[in-house]
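Data file: data.cif. Format and content: mmCIF, C-alpha atoms.
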```cif
data_data
#
loop_
_atom_site.group_PDB
_atom_site.id
_atom_site.type_symbol
_atom_site.label_atom_id
_atom_site.label_comp_id
_atom_site.auth_asym_id
_atom_site.auth_seq_id
_atom_site.Cartn_x
_atom_site.Cartn_y
_atom_site.Cartn_z
ATOM 1 C CA MET A 288 110.454 37.831 123.482
ATOM 2 C CA ARG A 289 110.624 39.208 119.976
ATOM 3 C CA ILE A 290 113.537 40.818 118.195
ATOM 4 C CA ALA A 291 112.849 43.568 115.684
ATOM 5 C CA PRO A 292 114.943 46.025 113.690
ATOM 6 C CA LEU A 293 114.648 49.696 114.592
ATOM 7 C CA ALA A 294 113.364 50.708 111.153
ATOM 8 C CA ASP A 295 110.422 48.302 111.456
ATOM 9 C CA VAL A 296 109.613 49.426 115.010
ATOM 10 C CA LYS A 297 109.690 53.079 113.921
ATOM 11 C CA ALA A 298 107.315 52.360 111.059
ATOM 12 C CA ARG A 299 104.865 50.333 113.170
ATOM 13 C CA LEU A 300 105.374 51.527 116.760
ATOM 14 C CA SER A 301 101.689 51.400 117.693
ATOM 15 C CA ALA A 302 101.410 47.783 116.569
ATOM 16 C CA TYR A 303 104.572 46.855 118.474
ATOM 17 C CA LEU A 304 103.173 48.465 121.629
ATOM 18 C CA ASP A 305 99.977 46.436 121.279
ATOM 19 C CA ASP A 306 101.932 43.220 120.675
ATOM 20 C CA CYS A 307 104.304 43.988 123.522
ATOM 21 C CA GLY A 308 101.409 44.099 125.990
ATOM 22 C CA VAL A 309 100.347 40.600 124.933
ATOM 23 C CA GLU A 310 103.545 38.833 123.852
ATOM 24 C CA GLY A 311 106.077 40.462 126.155
ATOM 25 C CA PRO A 312 109.184 42.590 125.588
ATOM 26 C CA VAL A 313 110.611 43.398 122.171
ATOM 27 C CA VAL A 314 114.362 43.725 121.728
ATOM 28 C CA ILE A 315 115.004 46.515 119.240
ATOM 29 C CA THR A 316 118.143 46.165 117.160
ATOM 30 C CA ARG A 317 120.231 48.691 115.279
ATOM 31 C CA ASN A 318 122.663 47.285 112.722
ATOM 32 C CA GLY A 319 121.986 43.810 114.084
ATOM 33 C CA LYS A 320 122.908 44.670 117.698
ATOM 34 C CA ALA A 321 120.530 45.111 120.629
ATOM 35 C CA ALA A 322 119.889 48.833 121.133
ATOM 36 C CA ALA A 323 116.786 48.990 123.339
ATOM 37 C CA VAL A 324 113.982 46.983 124.868
ATOM 38 C CA LEU A 325 110.325 47.882 124.481
ATOM 39 C CA LEU A 326 108.101 46.627 127.261
ATOM 40 C CA VAL A 327 104.811 47.418 128.917
ATOM 41 C CA PRO A 328 104.992 47.973 132.687
ATOM 42 C CA PHE A 329 102.350 46.169 134.746
ATOM 43 C CA ASP A 330 101.587 49.218 136.886
ATOM 44 C CA ASP A 331 103.185 52.382 138.302
ATOM 45 C CA GLU A 332 105.213 50.388 140.845
ATOM 46 C CA ASP A 333 106.625 48.202 138.094
ATOM 47 C CA LEU A 334 107.572 51.315 136.125
ATOM 48 C CA GLU A 335 109.254 52.804 139.193
ATOM 49 C CA ARG A 336 111.240 49.596 139.781
ATOM 50 C CA LEU A 337 112.367 49.591 136.160
ATOM 51 C CA MET A 338 113.495 53.208 136.377
ATOM 52 C CA LEU A 339 115.342 52.705 139.671
ATOM 53 C CA ALA A 340 117.064 49.590 138.368
ATOM 54 C CA ARG A 341 118.648 51.736 135.638
ATOM 55 C CA SER A 342 119.483 54.715 137.884
ATOM 56 C CA PRO A 343 123.226 55.056 138.583
ATOM 57 C CA ARG A 344 122.489 57.262 141.616
ATOM 58 C CA PHE A 345 120.104 54.709 143.120
ATOM 59 C CA GLN A 346 122.497 51.833 142.434
ATOM 60 C CA ALA A 347 125.312 53.785 144.139
ATOM 61 C CA LEU A 348 123.047 54.401 147.144
ATOM 62 C CA LEU A 349 122.247 50.691 147.353
ATOM 63 C CA GLU A 350 125.936 49.785 147.172
ATOM 64 C CA ARG A 351 126.812 52.246 149.955
ATOM 65 C CA SER A 352 123.998 50.789 152.067
ATOM 66 C CA ARG A 353 125.176 47.233 151.474
ATOM 67 C CA GLN A 354 128.720 48.229 152.417
ATOM 68 C CA SER A 355 127.500 49.902 155.631
ATOM 69 C CA ILE A 356 125.606 46.752 156.586
ATOM 70 C CA LYS A 357 128.702 44.607 155.949
ATOM 71 C CA GLU A 358 130.656 46.950 158.225
ATOM 72 C CA GLY A 359 128.068 46.505 160.980
ATOM 73 C CA LYS A 360 126.675 50.020 160.644
ATOM 74 C CA GLY A 361 123.152 48.926 159.737
ATOM 75 C CA LEU A 362 120.048 49.553 161.828
ATOM 76 C CA SER A 363 117.973 46.909 163.508
ATOM 77 C CA GLU A 364 114.495 46.480 162.082
ATOM 78 C CA LYS A 365 113.010 48.220 165.122
ATOM 79 C CA SER A 366 115.406 51.174 164.815
ATOM 80 C CA PHE A 367 114.747 51.429 161.099
ATOM 81 C CA TRP A 368 110.979 51.708 161.530
ATOM 82 C CA GLU A 369 111.402 54.197 164.394
ATOM 83 C CA ALA A 370 113.525 56.356 162.099
ATOM 84 C CA VAL A 371 110.924 56.059 159.313
ATOM 85 C CA ARG A 372 108.120 57.141 161.684
ATOM 86 C CA LYS A 373 110.199 60.040 162.998
ATOM 87 C CA ARG A 374 111.014 61.268 159.482
ATOM 88 C CA ALA A 375 107.352 60.993 158.440
ATOM 89 C CA GLN A 376 106.289 63.046 161.463
ATOM 90 C CA GLU A 377 108.947 65.674 160.711
ATOM 91 C CA ARG A 378 107.812 65.941 157.085
ATOM 92 C CA LYS A 379 104.165 66.172 158.105
ATOM 93 C CA SER A 380 104.996 68.892 160.607
ATOM 94 C CA ALA A 381 107.051 70.837 158.042
ATOM 95 C CA SER A 382 104.298 70.556 155.443
ATOM 96 C CA THR A 383 101.711 71.808 157.946
ATOM 97 C CA LYS A 384 103.899 74.827 158.731
ATOM 98 C CA VAL A 385 104.237 75.640 155.025
ATOM 99 C CA ARG A 386 100.463 75.437 154.494
ATOM 100 C CA ARG A 387 99.834 77.718 157.499
ATOM 101 C CA ALA A 388 102.379 80.236 156.229
ATOM 102 C CA LYS A 389 100.725 80.260 152.777
ATOM 103 C CA ARG A 390 97.297 80.888 154.325
ATOM 104 C CA ARG A 391 98.666 83.886 156.251
ATOM 105 C CA ASN A 392 100.029 85.466 153.066
#
```
Go through the file and emit its structure as structure tokens.
Amino acid sequence: MRIAPLADVKARLSAYLDDCGVEGPVVITRNGKAAAVLLVPFDDEDLERLMLARSPRFQALLERSRQSIKEGKGLSEKSFWEAVRKRAQERKSASTKVRRAKRRN
């Protein structure tokens, strides 16, 4: 992991992006303190994980879920997957209805 001042990164961003893909993340500093991290995601899933990890809303959702499980309000694995299938069927049905309505108009 490299550390680089913001002014240098701004002046040579393309080179830092290239290096970042090979050498790993770059910590960008402003006035000697870490201000940001430049990194290259492996794929779209990696990018999504990075974004969710920094999302306050997602973190709050995870915490509420963990608390529910501690309180014994969680679903069994079987119930969870039944709920997932049911929701997928409902969404598919709703999307089909929307497409049919658009064709009629």
Margin query: Considering all atoms listed in the file, can you say which of A:Leu304, A:Leu334, A:Leu293, A:Leu362 comes closest to Lys320 of chain A?
Written below: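 Once distances to Lys320 of chain A are computed over all atoms listed in the file, the minimum belongs to A:Leu293.
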Note to self: Going by the chain IDs and residue numbers used in this file, which residues fall under the PyMOL selection byres ((chain A and resi 324) around 12)? Write them as a PyMOL selection string.
What the structure shows: chain A and resi 288-293+296+303-304+307+311-317+320-323+325-328+337
Next, dump the selected residues to file, keeping only C-alpha atoms, as a short mmCIF file (atom, residue, chain, number, x, y, z; two decimals), keeping the file's coordinate frame.
```cif
data_model
loop_
_atom_site.label_atom_id
_atom_site.label_comp_id
_atom_site.auth_asym_id
_atom_site.auth_seq_id
_atom_site.Cartn_x
_atom_site.Cartn_y
_atom_site.Cartn_z
CA MET A 288 110.45 37.83 123.48
CA ARG A 289 110.62 39.21 119.98
CA ILE A 290 113.54 40.82 118.20
CA ALA A 291 112.85 43.57 115.68
CA PRO A 292 114.94 46.02 113.69
CA LEU A 293 114.65 49.70 114.59
CA VAL A 296 109.61 49.43 115.01
CA TYR A 303 104.57 46.86 118.47
CA LEU A 304 103.17 48.46 121.63
CA CYS A 307 104.30 43.99 123.52
CA GLY A 311 106.08 40.46 126.16
CA PRO A 312 109.18 42.59 125.59
CA VAL A 313 110.61 43.40 122.17
CA VAL A 314 114.36 43.72 121.73
CA ILE A 315 115.00 46.52 119.24
CA THR A 316 118.14 46.16 117.16
CA ARG A 317 120.23 48.69 115.28
CA LYS A 320 122.91 44.67 117.70
CA ALA A 321 120.53 45.11 120.63
CA ALA A 322 119.89 48.83 121.13
CA ALA A 323 116.79 48.99 123.34
CA LEU A 325 110.32 47.88 124.48
CA LEU A 326 108.10 46.63 127.26
CA VAL A 327 104.81 47.42 128.92
CA PRO A 328 104.99 47.97 132.69
CA LEU A 337 112.37 49.59 136.16
#
```
Check: Could you work out how far atom CA of Trp368 of chain A lies from atom CA of Ser352 of chain A, giving the answer in Å with one decimal?
Finding: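 Answer for the atom CA of Ser352 of chain A to atom CA of Trp368 of chain A separation: 16.1 Å.
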Note to self: Using Å and a single decimal, report how far atom CA of Ala340 of chain A sits from atom CA of Ala370 of chain A.
What the structure shows: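 These atoms are spaced 24.9 Å apart.
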Next item on the list: Quote the spacing between atom CA of Ser342 of chain A and atom CA of Phe329 of chain A in Å to one decimal place.
Entry: 19.4 Å
